[in-house]
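Enquirer: To be precise about what I am sending: the file is called entry.cif and holds mmCIF, C-alpha atoms.
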data_input
#
loop_
_atom_site.group_PDB
_atom_site.id
_atom_site.type_symbol
_atom_site.label_atom_id
_atom_site.label_comp_id
_atom_site.auth_asym_id
_atom_site.auth_seq_id
_atom_site.Cartn_x
_atom_site.Cartn_y
_atom_site.Cartn_z
ATOM 1 C CA MET A 1 -7.001 -33.604 -62.385
ATOM 2 C CA LEU A 2 -9.492 -32.283 -59.837
ATOM 3 C CA ALA A 3 -9.096 -28.881 -61.497
ATOM 4 C CA PHE A 4 -9.472 -30.590 -64.871
ATOM 5 C CA SER A 5 -12.796 -32.197 -63.943
ATOM 6 C CA LEU A 6 -14.161 -28.909 -62.581
ATOM 7 C CA GLY A 7 -13.051 -26.980 -65.657
ATOM 8 C CA ILE A 8 -14.546 -29.526 -68.038
ATOM 9 C CA ALA A 9 -17.851 -29.467 -66.155
ATOM 10 C CA GLY A 10 -18.282 -25.765 -66.820
ATOM 11 C CA SER A 11 -17.902 -26.327 -70.545
ATOM 12 C CA PHE A 12 -20.928 -28.652 -70.521
ATOM 13 C CA SER A 13 -23.205 -26.278 -68.615
ATOM 14 C CA LEU A 14 -22.202 -23.122 -70.466
ATOM 15 C CA GLY A 15 -21.903 -24.980 -73.757
ATOM 16 C CA SER A 16 -25.498 -26.184 -73.524
ATOM 17 C CA LEU A 17 -26.613 -22.539 -73.354
ATOM 18 C CA ALA A 18 -24.596 -21.527 -76.427
ATOM 19 C CA ALA A 19 -24.745 -24.691 -78.558
ATOM 20 C CA ASN A 20 -27.740 -23.619 -80.617
ATOM 21 C CA GLU A 21 -26.476 -20.062 -81.111
ATOM 22 C CA ILE A 22 -23.316 -20.783 -83.136
ATOM 23 C CA ASP A 23 -21.914 -23.467 -85.425
ATOM 24 C CA PRO A 24 -19.848 -26.088 -83.516
ATOM 25 C CA VAL A 25 -16.884 -25.792 -85.912
ATOM 26 C CA ALA A 26 -16.873 -21.993 -85.686
ATOM 27 C CA ILE A 27 -16.796 -21.795 -81.892
ATOM 28 C CA THR A 28 -14.229 -24.605 -81.648
ATOM 29 C CA ALA A 29 -11.943 -22.876 -84.170
ATOM 30 C CA ALA A 30 -12.277 -19.619 -82.217
ATOM 31 C CA ARG A 31 -11.377 -21.272 -78.914
ATOM 32 C CA PHE A 32 -8.304 -22.939 -80.438
ATOM 33 C CA LEU A 33 -7.161 -19.666 -82.011
ATOM 34 C CA GLY A 34 -7.649 -17.895 -78.681
ATOM 35 C CA THR A 35 -5.624 -20.548 -76.876
ATOM 36 C CA ILE A 36 -2.558 -20.146 -79.125
ATOM 37 C CA PRO A 37 -1.248 -16.785 -77.748
ATOM 38 C CA ILE A 38 -1.921 -17.893 -74.171
ATOM 39 C CA MET A 39 0.024 -21.121 -74.556
ATOM 40 C CA TRP A 40 2.788 -19.358 -76.515
ATOM 41 C CA LEU A 41 3.352 -16.953 -73.617
ATOM 42 C CA ILE A 42 3.365 -19.784 -71.075
ATOM 43 C CA ALA A 43 5.771 -21.870 -73.182
ATOM 44 C CA ALA A 44 8.047 -18.918 -74.038
ATOM 45 C CA PHE A 45 8.446 -17.704 -70.475
ATOM 46 C CA SER A 46 8.623 -21.084 -68.765
ATOM 47 C CA GLY A 47 11.918 -22.271 -67.331
ATOM 48 C CA ARG A 48 12.951 -24.166 -70.462
ATOM 49 C CA GLY A 49 11.647 -21.739 -73.033
ATOM 50 C CA MET A 50 11.198 -22.935 -76.614
ATOM 51 C CA ARG A 51 13.797 -24.699 -78.737
ATOM 52 C CA TRP A 52 13.690 -25.543 -82.417
ATOM 53 C CA LYS A 53 14.100 -29.261 -81.806
ATOM 54 C CA ASP A 54 10.974 -29.214 -79.640
ATOM 55 C CA ILE A 55 8.804 -28.806 -82.736
ATOM 56 C CA ALA A 56 10.492 -31.569 -84.721
ATOM 57 C CA ALA A 57 8.096 -34.047 -86.312
ATOM 58 C CA PHE A 58 5.233 -31.564 -86.241
ATOM 59 C CA TRP A 59 2.869 -34.285 -87.429
ATOM 60 C CA ARG A 60 2.675 -35.470 -83.825
ATOM 61 C CA PHE A 61 0.907 -32.283 -82.806
ATOM 62 C CA ALA A 62 -1.350 -32.497 -85.857
ATOM 63 C CA ILE A 63 -2.631 -35.929 -84.827
ATOM 64 C CA CYS A 64 -3.389 -34.775 -81.291
ATOM 65 C CA GLY A 65 -4.880 -31.507 -82.571
ATOM 66 C CA ALA A 66 -7.197 -33.394 -84.904
ATOM 67 C CA LEU A 67 -8.387 -35.658 -82.083
ATOM 68 C CA MET A 68 -9.178 -32.791 -79.737
ATOM 69 C CA ALA A 69 -10.788 -30.725 -82.491
ATOM 70 C CA ALA A 70 -13.087 -33.658 -83.262
ATOM 71 C CA TYR A 71 -13.916 -34.042 -79.566
ATOM 72 C CA PHE A 72 -14.933 -30.410 -79.091
ATOM 73 C CA VAL A 73 -16.918 -30.134 -82.306
ATOM 74 C CA LEU A 74 -18.873 -33.283 -81.496
ATOM 75 C CA MET A 75 -19.416 -32.080 -77.925
ATOM 76 C CA PHE A 76 -21.179 -28.945 -79.150
ATOM 77 C CA GLU A 77 -23.097 -30.918 -81.719
ATOM 78 C CA GLY A 78 -24.331 -33.243 -78.977
ATOM 79 C CA LEU A 79 -25.242 -30.370 -76.641
ATOM 80 C CA LYS A 80 -27.813 -29.173 -79.183
ATOM 81 C CA THR A 81 -30.167 -31.956 -78.072
ATOM 82 C CA ALA A 82 -28.696 -33.590 -74.937
ATOM 83 C CA SER A 83 -28.622 -32.232 -71.387
ATOM 84 C CA ALA A 84 -25.393 -31.150 -69.729
ATOM 85 C CA VAL A 85 -25.712 -33.865 -67.056
ATOM 86 C CA SER A 86 -26.199 -36.722 -69.525
ATOM 87 C CA MET A 87 -23.360 -35.408 -71.706
ATOM 88 C CA SER A 88 -21.030 -35.293 -68.711
ATOM 89 C CA ALA A 89 -22.046 -38.872 -67.924
ATOM 90 C CA VAL A 90 -21.038 -39.917 -71.436
ATOM 91 C CA PHE A 91 -17.686 -38.258 -70.780
ATOM 92 C CA THR A 92 -17.120 -40.543 -67.792
ATOM 93 C CA LEU A 93 -16.910 -43.471 -70.211
ATOM 94 C CA THR A 94 -13.502 -42.184 -71.345
ATOM 95 C CA PRO A 95 -11.456 -43.788 -68.504
ATOM 96 C CA MET A 96 -12.363 -47.289 -69.628
ATOM 97 C CA MET A 97 -11.539 -46.448 -73.231
ATOM 98 C CA ALA A 98 -8.347 -44.603 -72.249
ATOM 99 C CA GLY A 99 -7.199 -47.664 -70.346
ATOM 100 C CA PHE A 100 -7.764 -49.799 -73.432
ATOM 101 C CA PHE A 101 -5.809 -47.441 -75.695
ATOM 102 C CA ALA A 102 -3.029 -47.131 -73.093
ATOM 103 C CA TRP A 103 -2.646 -50.911 -73.075
ATOM 104 C CA ILE A 104 -2.275 -50.892 -76.861
ATOM 105 C CA LEU A 105 0.117 -47.921 -77.108
ATOM 106 C CA LEU A 106 2.014 -47.987 -73.815
ATOM 107 C CA ARG A 107 1.407 -51.514 -72.564
ATOM 108 C CA GLN A 108 0.012 -50.038 -69.373
ATOM 109 C CA SER A 109 -1.891 -52.558 -67.317
ATOM 110 C CA VAL A 110 -4.353 -51.910 -64.500
ATOM 111 C CA SER A 111 -4.850 -53.674 -61.191
ATOM 112 C CA LEU A 112 -7.995 -55.638 -60.420
ATOM 113 C CA ARG A 113 -9.113 -52.868 -58.062
ATOM 114 C CA THR A 114 -8.672 -50.249 -60.786
ATOM 115 C CA ALA A 115 -10.516 -52.388 -63.350
ATOM 116 C CA PHE A 116 -13.354 -52.948 -60.867
ATOM 117 C CA ALA A 117 -13.561 -49.223 -60.124
ATOM 118 C CA LEU A 118 -13.656 -48.374 -63.825
ATOM 119 C CA LEU A 119 -16.436 -50.912 -64.330
ATOM 120 C CA ILE A 120 -18.480 -49.454 -61.474
ATOM 121 C CA GLY A 121 -17.962 -45.929 -62.787
ATOM 122 C CA THR A 122 -19.060 -46.970 -66.259
ATOM 123 C CA MET A 123 -22.218 -48.583 -64.872
ATOM 124 C CA GLY A 124 -23.057 -45.397 -62.976
ATOM 125 C CA ALA A 125 -22.482 -43.342 -66.122
ATOM 126 C CA LEU A 126 -24.771 -45.574 -68.178
ATOM 127 C CA TRP A 127 -27.494 -45.201 -65.545
ATOM 128 C CA VAL A 128 -27.343 -41.418 -65.953
ATOM 129 C CA ILE A 129 -27.087 -41.552 -69.761
ATOM 130 C CA PHE A 130 -30.263 -43.641 -69.986
ATOM 131 C CA ARG A 131 -31.969 -41.312 -67.472
ATOM 132 C CA ALA A 132 -32.452 -44.017 -64.836
ATOM 133 C CA ASP A 133 -34.780 -45.894 -67.184
ATOM 134 C CA LEU A 134 -34.034 -49.610 -66.932
ATOM 135 C CA LEU A 135 -36.109 -50.436 -70.022
ATOM 136 C CA ALA A 136 -34.239 -47.831 -72.082
ATOM 137 C CA LEU A 137 -30.960 -49.234 -70.791
ATOM 138 C CA LEU A 138 -31.891 -52.797 -71.704
ATOM 139 C CA ALA A 139 -33.063 -51.650 -75.142
ATOM 140 C CA PHE A 140 -29.959 -49.438 -75.414
ATOM 141 C CA GLU A 141 -32.111 -46.488 -76.495
ATOM 142 C CA ILE A 142 -29.538 -43.720 -76.438
ATOM 143 C CA GLY A 143 -30.264 -40.156 -77.496
ATOM 144 C CA SER A 144 -28.787 -38.792 -80.722
ATOM 145 C CA GLY A 145 -26.816 -36.108 -78.875
ATOM 146 C CA GLU A 146 -25.232 -38.628 -76.526
ATOM 147 C CA ALA A 147 -24.422 -40.936 -79.454
ATOM 148 C CA VAL A 148 -22.652 -38.150 -81.362
ATOM 149 C CA PHE A 149 -20.679 -37.112 -78.298
ATOM 150 C CA PHE A 150 -19.632 -40.702 -77.590
ATOM 151 C CA ILE A 151 -17.668 -40.663 -80.852
ATOM 152 C CA GLY A 152 -15.934 -37.522 -79.625
ATOM 153 C CA CYS A 153 -15.119 -39.212 -76.319
ATOM 154 C CA ILE A 154 -13.348 -41.993 -78.211
ATOM 155 C CA ALA A 155 -11.090 -39.315 -79.717
ATOM 156 C CA HIS A 156 -10.457 -37.813 -76.258
ATOM 157 C CA ALA A 157 -9.684 -41.216 -74.748
ATOM 158 C CA LEU A 158 -7.159 -41.921 -77.499
ATOM 159 C CA TYR A 159 -5.545 -38.499 -77.051
ATOM 160 C CA THR A 160 -4.492 -39.130 -73.441
ATOM 161 C CA PRO A 161 -2.133 -42.108 -73.965
ATOM 162 C CA LEU A 162 -1.198 -40.950 -77.478
ATOM 163 C CA MET A 163 0.122 -37.649 -76.110
ATOM 164 C CA ARG A 164 2.485 -39.568 -73.833
ATOM 165 C CA PHE A 165 3.389 -41.988 -76.618
ATOM 166 C CA LEU A 166 4.310 -39.168 -79.012
ATOM 167 C CA ASN A 167 5.968 -36.843 -76.497
ATOM 168 C CA ARG A 168 9.717 -36.371 -77.016
ATOM 169 C CA GLY A 169 10.472 -34.417 -73.881
ATOM 170 C CA GLU A 170 8.444 -31.301 -74.663
ATOM 171 C CA SER A 171 6.917 -29.411 -71.757
ATOM 172 C CA PRO A 172 3.131 -29.672 -71.343
ATOM 173 C CA ALA A 173 2.746 -26.015 -72.397
ATOM 174 C CA LEU A 174 4.717 -26.501 -75.602
ATOM 175 C CA PHE A 175 2.880 -29.682 -76.510
ATOM 176 C CA VAL A 176 -0.491 -27.999 -75.960
ATOM 177 C CA LEU A 177 0.689 -25.035 -78.065
ATOM 178 C CA GLY A 178 1.531 -27.347 -80.965
ATOM 179 C CA MET A 179 -1.753 -29.182 -80.558
ATOM 180 C CA ALA A 180 -3.780 -25.945 -80.456
ATOM 181 C CA LEU A 181 -1.984 -24.510 -83.497
ATOM 182 C CA THR A 182 -2.469 -27.569 -85.671
ATOM 183 C CA GLY A 183 -6.008 -28.076 -84.408
ATOM 184 C CA ALA A 184 -6.883 -24.485 -85.332
ATOM 185 C CA LEU A 185 -5.405 -24.865 -88.815
ATOM 186 C CA LEU A 186 -7.358 -28.070 -89.415
ATOM 187 C CA LEU A 187 -10.609 -26.523 -88.188
ATOM 188 C CA VAL A 188 -10.188 -23.392 -90.310
ATOM 189 C CA ALA A 189 -9.438 -25.513 -93.365
ATOM 190 C CA TYR A 190 -12.407 -27.813 -92.708
ATOM 191 C CA GLY A 191 -14.990 -25.253 -91.611
ATOM 192 C CA TRP A 192 -13.939 -22.108 -93.454
ATOM 193 C CA GLN A 193 -17.421 -21.576 -94.869
ATOM 194 C CA GLU A 194 -19.127 -21.929 -91.466
ATOM 195 C CA ILE A 195 -16.610 -19.555 -89.873
ATOM 196 C CA VAL A 196 -17.030 -16.877 -92.539
ATOM 197 C CA MET A 197 -20.836 -17.159 -92.542
ATOM 198 C CA THR A 198 -21.032 -16.677 -88.759
ATOM 199 C CA ASP A 199 -22.252 -13.186 -87.848
ATOM 200 C CA TRP A 200 -19.754 -12.695 -85.030
ATOM 201 C CA LEU A 201 -20.908 -9.168 -84.121
ATOM 202 C CA SER A 202 -24.509 -10.271 -83.610
ATOM 203 C CA LEU A 203 -23.846 -13.285 -81.393
ATOM 204 C CA PRO A 204 -25.634 -13.329 -78.005
ATOM 205 C CA LEU A 205 -23.621 -12.452 -74.914
ATOM 206 C CA ILE A 206 -23.789 -16.048 -73.643
ATOM 207 C CA VAL A 207 -21.767 -17.180 -76.678
ATOM 208 C CA TRP A 208 -18.935 -14.742 -75.882
ATOM 209 C CA VAL A 209 -19.010 -15.682 -72.192
ATOM 210 C CA THR A 210 -18.859 -19.352 -73.143
ATOM 211 C CA LEU A 211 -16.064 -18.744 -75.652
ATOM 212 C CA LEU A 212 -14.003 -16.837 -73.066
ATOM 213 C CA TYR A 213 -14.478 -19.625 -70.543
ATOM 214 C CA LEU A 214 -13.663 -22.320 -73.079
ATOM 215 C CA THR A 215 -10.485 -20.532 -74.165
ATOM 216 C CA LEU A 216 -9.063 -19.662 -70.758
ATOM 217 C CA ILE A 217 -10.321 -22.504 -68.590
ATOM 218 C CA SER A 218 -11.649 -25.434 -70.585
ATOM 219 C CA THR A 219 -8.869 -25.391 -73.170
ATOM 220 C CA ALA A 220 -5.679 -23.783 -71.845
ATOM 221 C CA MET A 221 -5.980 -24.773 -68.178
ATOM 222 C CA THR A 222 -7.457 -28.231 -68.622
ATOM 223 C CA PHE A 223 -5.067 -29.177 -71.433
ATOM 224 C CA LEU A 224 -2.132 -28.194 -69.245
ATOM 225 C CA ALA A 225 -3.600 -30.219 -66.378
ATOM 226 C CA VAL A 226 -4.228 -33.377 -68.380
ATOM 227 C CA ASN A 227 -0.847 -33.186 -70.139
ATOM 228 C CA TYR A 228 0.953 -32.697 -66.823
ATOM 229 C CA ALA A 229 -0.947 -35.594 -65.223
ATOM 230 C CA ALA A 230 -0.633 -37.912 -68.230
ATOM 231 C CA MET A 231 3.153 -37.794 -67.950
ATOM 232 C CA ARG A 232 2.988 -38.907 -64.308
ATOM 233 C CA LEU A 233 -0.032 -41.207 -63.959
ATOM 234 C CA PRO A 234 -1.395 -44.197 -65.889
ATOM 235 C CA SER A 235 -3.831 -43.040 -68.572
ATOM 236 C CA ALA A 236 -6.823 -44.832 -67.035
ATOM 237 C CA LYS A 237 -6.221 -43.069 -63.710
ATOM 238 C CA VAL A 238 -5.764 -39.700 -65.384
ATOM 239 C CA MET A 239 -9.153 -39.956 -67.021
ATOM 240 C CA ALA A 240 -10.710 -41.557 -63.921
ATOM 241 C CA TYR A 241 -11.080 -38.107 -62.398
ATOM 242 C CA THR A 242 -13.727 -37.467 -65.028
ATOM 243 C CA PHE A 243 -16.025 -39.519 -62.785
ATOM 244 C CA LEU A 244 -16.430 -36.300 -60.785
ATOM 245 C CA THR A 245 -17.614 -34.331 -63.811
ATOM 246 C CA PRO A 246 -21.366 -35.128 -63.503
ATOM 247 C CA SER A 247 -21.266 -33.973 -59.871
ATOM 248 C CA TRP A 248 -19.568 -30.716 -60.847
ATOM 249 C CA VAL A 249 -22.091 -30.254 -63.680
ATOM 250 C CA ILE A 250 -24.998 -30.595 -61.246
ATOM 251 C CA ILE A 251 -23.436 -27.858 -59.090
ATOM 252 C CA TRP A 252 -22.979 -25.702 -62.200
ATOM 253 C CA GLU A 253 -26.604 -26.296 -63.200
ATOM 254 C CA MET A 254 -27.797 -25.268 -59.745
ATOM 255 C CA GLY A 255 -25.682 -22.119 -59.971
ATOM 256 C CA LEU A 256 -27.157 -21.301 -63.367
ATOM 257 C CA SER A 257 -30.686 -21.917 -62.010
ATOM 258 C CA ARG A 258 -31.300 -24.863 -64.308
ATOM 259 C CA ASP A 259 -33.412 -27.945 -63.565
ATOM 260 C CA PHE A 260 -32.137 -30.181 -60.759
ATOM 261 C CA PRO A 261 -31.876 -33.837 -61.881
ATOM 262 C CA PRO A 262 -34.241 -36.377 -60.302
ATOM 263 C CA THR A 263 -33.108 -38.552 -57.411
ATOM 264 C CA ALA A 264 -32.916 -41.690 -59.548
ATOM 265 C CA ILE A 265 -30.306 -40.052 -61.783
ATOM 266 C CA LEU A 266 -28.372 -38.803 -58.745
ATOM 267 C CA MET A 267 -27.936 -42.448 -57.737
ATOM 268 C CA GLY A 268 -25.905 -42.996 -60.894
ATOM 269 C CA VAL A 269 -23.794 -39.929 -60.130
ATOM 270 C CA ALA A 270 -23.132 -41.284 -56.622
ATOM 271 C CA VAL A 271 -21.879 -44.543 -58.144
ATOM 272 C CA THR A 272 -19.359 -42.654 -60.293
ATOM 273 C CA ILE A 273 -18.040 -40.934 -57.166
ATOM 274 C CA MET A 274 -17.652 -44.321 -55.484
ATOM 275 C CA ALA A 275 -15.562 -45.426 -58.451
ATOM 276 C CA LEU A 276 -13.183 -42.499 -57.999
ATOM 277 C CA ILE A 277 -12.850 -43.226 -54.266
ATOM 278 C CA LEU A 278 -11.852 -46.797 -55.110
ATOM 279 C CA LEU A 279 -9.224 -45.525 -57.534
ATOM 280 C CA LEU A 280 -7.825 -43.071 -54.990
ATOM 281 C CA ARG A 281 -7.751 -45.850 -52.413
ATOM 282 C CA ASP A 282 -5.723 -47.914 -54.871
ATOM 283 C CA ASP A 283 -3.156 -45.105 -55.041
ATOM 284 C CA GLU A 284 -2.897 -45.025 -51.251
ATOM 285 C CA VAL A 285 -2.330 -48.772 -51.065
ATOM 286 C CA GLN A 286 0.418 -48.569 -53.677
ATOM 287 C CA SER A 287 2.080 -45.628 -51.915
ATOM 288 C CA SER A 288 2.109 -47.524 -48.618
ATOM 289 C CA ALA A 289 3.670 -50.500 -50.344
ATOM 290 C CA ASP A 290 6.390 -48.268 -51.806
#
Show me this structure written as structure tokens.
Expert:
Amino acid sequence: MLAFSLGIAGSFSLGSLAANEIDPVAITAARFLGTIPIMWLIAAFSGRGMRWKDIAAFWRFAICGALMAAYFVLMFEGLKTASAVSMSAVFTLTPMMAGFFAWILLRQSVSLRTAFALLIGTMGALWVIFRADLLALLAFEIGSGEAVFFIGCIAHALYTPLMRFLNRGESPALFVLGMALTGALLLVAYGWQEIVMTDWLSLPLIVWVTLLYLTLISTAMTFLAVNYAAMRLPSAKVMAYTFLTPSWVIIWEMGLSRDFPPTAILMGVAVTIMALILLLRDDEVQSSAD
């Protein structure tokens, strides 16, 4: 999940550079299509290989594919107007929502320490989202880009426990393959006109760099990571590692020579890190008890 948070962070920073150069549906469809052969090779040459019964009830993959397709499309739509740091802060709201969905689907409960840590992390995220402006926070004046992406984060938060709920013993690679395949089909069917109208040969280099990163790292690698972790950790704790994402994004922004966020916003980022430390501490306490 540490690798997941780092990989996701790069998609925000690079995505903000490419968001206004290509249609969100077109680039999302391309990244899903590019992920399919990668995941097929991983699934085919893994220890278990692929069996016909593993793709039974294909509708399960379609549901998860639709959720993740919606998340990525709305992420790029939001990046057209919102900064990478504020978008990553919105993403840190997913642990709280994932915990709620996990309680509904899996009857997973959280300890008081975990609930407190999630609350602290959410408060830190809101501080960043509202750009350290207390009046904007009290008035709940959220930017349009952040509002659009929040809807996508709901889809992502639902995906995490739903993947475990729908899994019938498939390996993470095979489940991601099914999700990528169905997600690509849905995106092509929905955005065929946008995909065809895109002048692929004239796209700026940053779009191709972003697409390569999204396909190899932010889709294939992070999906494998979150699917592997979701089968072994409570959903709220899986998504809790997203609290590190704003910190990774700031490092990415510094590397890309972008603006460094003001100190007041960094305070909110520090609070999200404190939330993760509390969650990790909870794991240590439980391990000692075992």
Enquirer: Please write as a compact mmCIF listing (two decimals) with C-alpha atoms, in the frame of the given file the list of polymer residues whose atoms come within 12 Å of (-21.3, -24.2, -59.3), counting all atoms listed in the file and keeping to the coordinates of the file.
Expert:
# COMPACT_ATOMS: atom_id res chain seq x y z
CA LEU A 6 -14.16 -28.91 -62.58
CA GLY A 7 -13.05 -26.98 -65.66
CA ALA A 9 -17.85 -29.47 -66.16
CA GLY A 10 -18.28 -25.76 -66.82
CA SER A 11 -17.90 -26.33 -70.54
CA SER A 13 -23.20 -26.28 -68.61
CA LEU A 14 -22.20 -23.12 -70.47
CA THR A 245 -17.61 -34.33 -63.81
CA PRO A 246 -21.37 -35.13 -63.50
CA SER A 247 -21.27 -33.97 -59.87
CA TRP A 248 -19.57 -30.72 -60.85
CA VAL A 249 -22.09 -30.25 -63.68
CA ILE A 250 -25.00 -30.60 -61.25
CA ILE A 251 -23.44 -27.86 -59.09
CA TRP A 252 -22.98 -25.70 -62.20
CA GLU A 253 -26.60 -26.30 -63.20
CA MET A 254 -27.80 -25.27 -59.74
CA GLY A 255 -25.68 -22.12 -59.97
CA LEU A 256 -27.16 -21.30 -63.37
CA SER A 257 -30.69 -21.92 -62.01
CA ARG A 258 -31.30 -24.86 -64.31
Enquirer: Any idea what's packed within 9 Å of Gly191 of chain A, counting all atoms listed in the file, ignoring anything in its chain fewer than 5 positions away? Could you give it as number ranges by chain?
Expert: A: 25-26, 29, 186, 196
Enquirer: Measuring atom to atom with only C-alpha atoms, identify which of A:Ile206, A:Val238, A:Ala3, A:Ala57 is nearest to Ala98 of chain A.
Expert: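 The shortest atom-to-atom distance to Ala98 of chain A comes from A:Val238.
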Enquirer: Return the single residue from A:Ala62, A:Leu201, A:Val207, A:Leu266 that is closest to Leu166 of chain A, with distances computed using all atoms listed in the file.
Expert: A:Ala62
Enquirer: Could you produce a table of the residues of segment 7-69 of chain A lying within 12 Å of segment 221-234 of chain A, with the nearest pair of atoms per residue and their separation in Å rounded to one decimal, using only C-alpha atoms, ordered by chain and increasing residue number, as JSON lines?
Expert:
{"residue": "A:Gly7", "atom": "CA", "partner": "A:Thr222", "partner_atom": "CA", "distance": 6.5}
{"residue": "A:Ile8", "atom": "CA", "partner": "A:Thr222", "partner_atom": "CA", "distance": 7.2}
{"residue": "A:Ala9", "atom": "CA", "partner": "A:Thr222", "partner_atom": "CA", "distance": 10.8}
{"residue": "A:Gly10", "atom": "CA", "partner": "A:Thr222", "partner_atom": "CA", "distance": 11.2}
{"residue": "A:Ser11", "atom": "CA", "partner": "A:Thr222", "partner_atom": "CA", "distance": 10.8}
{"residue": "A:Phe32", "atom": "CA", "partner": "A:Phe223", "partner_atom": "CA", "distance": 11.4}
{"residue": "A:Thr35", "atom": "CA", "partner": "A:Met221", "partner_atom": "CA", "distance": 9.7}
{"residue": "A:Ile38", "atom": "CA", "partner": "A:Met221", "partner_atom": "CA", "distance": 10.0}
{"residue": "A:Met39", "atom": "CA", "partner": "A:Leu224", "partner_atom": "CA", "distance": 9.1}
{"residue": "A:Ile42", "atom": "CA", "partner": "A:Leu224", "partner_atom": "CA", "distance": 10.2}
{"residue": "A:Ala43", "atom": "CA", "partner": "A:Leu224", "partner_atom": "CA", "distance": 10.9}
{"residue": "A:Cys64", "atom": "CA", "partner": "A:Phe223", "partner_atom": "CA", "distance": 11.5}
{"residue": "A:Gly65", "atom": "CA", "partner": "A:Phe223", "partner_atom": "CA", "distance": 11.4}
{"residue": "A:Met68", "atom": "CA", "partner": "A:Phe223", "partner_atom": "CA", "distance": 9.9}
Enquirer: If the PyMOL selection byres ((chain A and resi 67) around 12) were run on this exact file, what residues would it hold? Put them as an MDAnalysis selection string.
Expert: chainID A and resid 60:66 68:74 151:160 162:163 179:180 182:184 186:187
Enquirer: Tell me which of A:Ala275, A:Val269, A:Ile22, A:Ile27 sits closest to Val188 of chain A, counting all atoms listed in the file.
Expert: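 The shortest atom-to-atom distance to Val188 of chain A comes from A:Ile27.
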Enquirer: From the set A:Leu79, A:Ala240, A:Leu126, A:Ala147, which residue has the shortest atom-to-atom contact distance to Pro24 of chain A, counting only C-alpha atoms?
Expert: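 Of the candidates, the smallest distance to Pro24 of chain A is held by A:Leu79.
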Enquirer: Using all atoms listed in the file for the distances, tell me which of A:Tyr213, A:Phe100, A:Phe130, A:Trp59 is nearest to Gly15 of chain A.
Expert: A:Tyr213
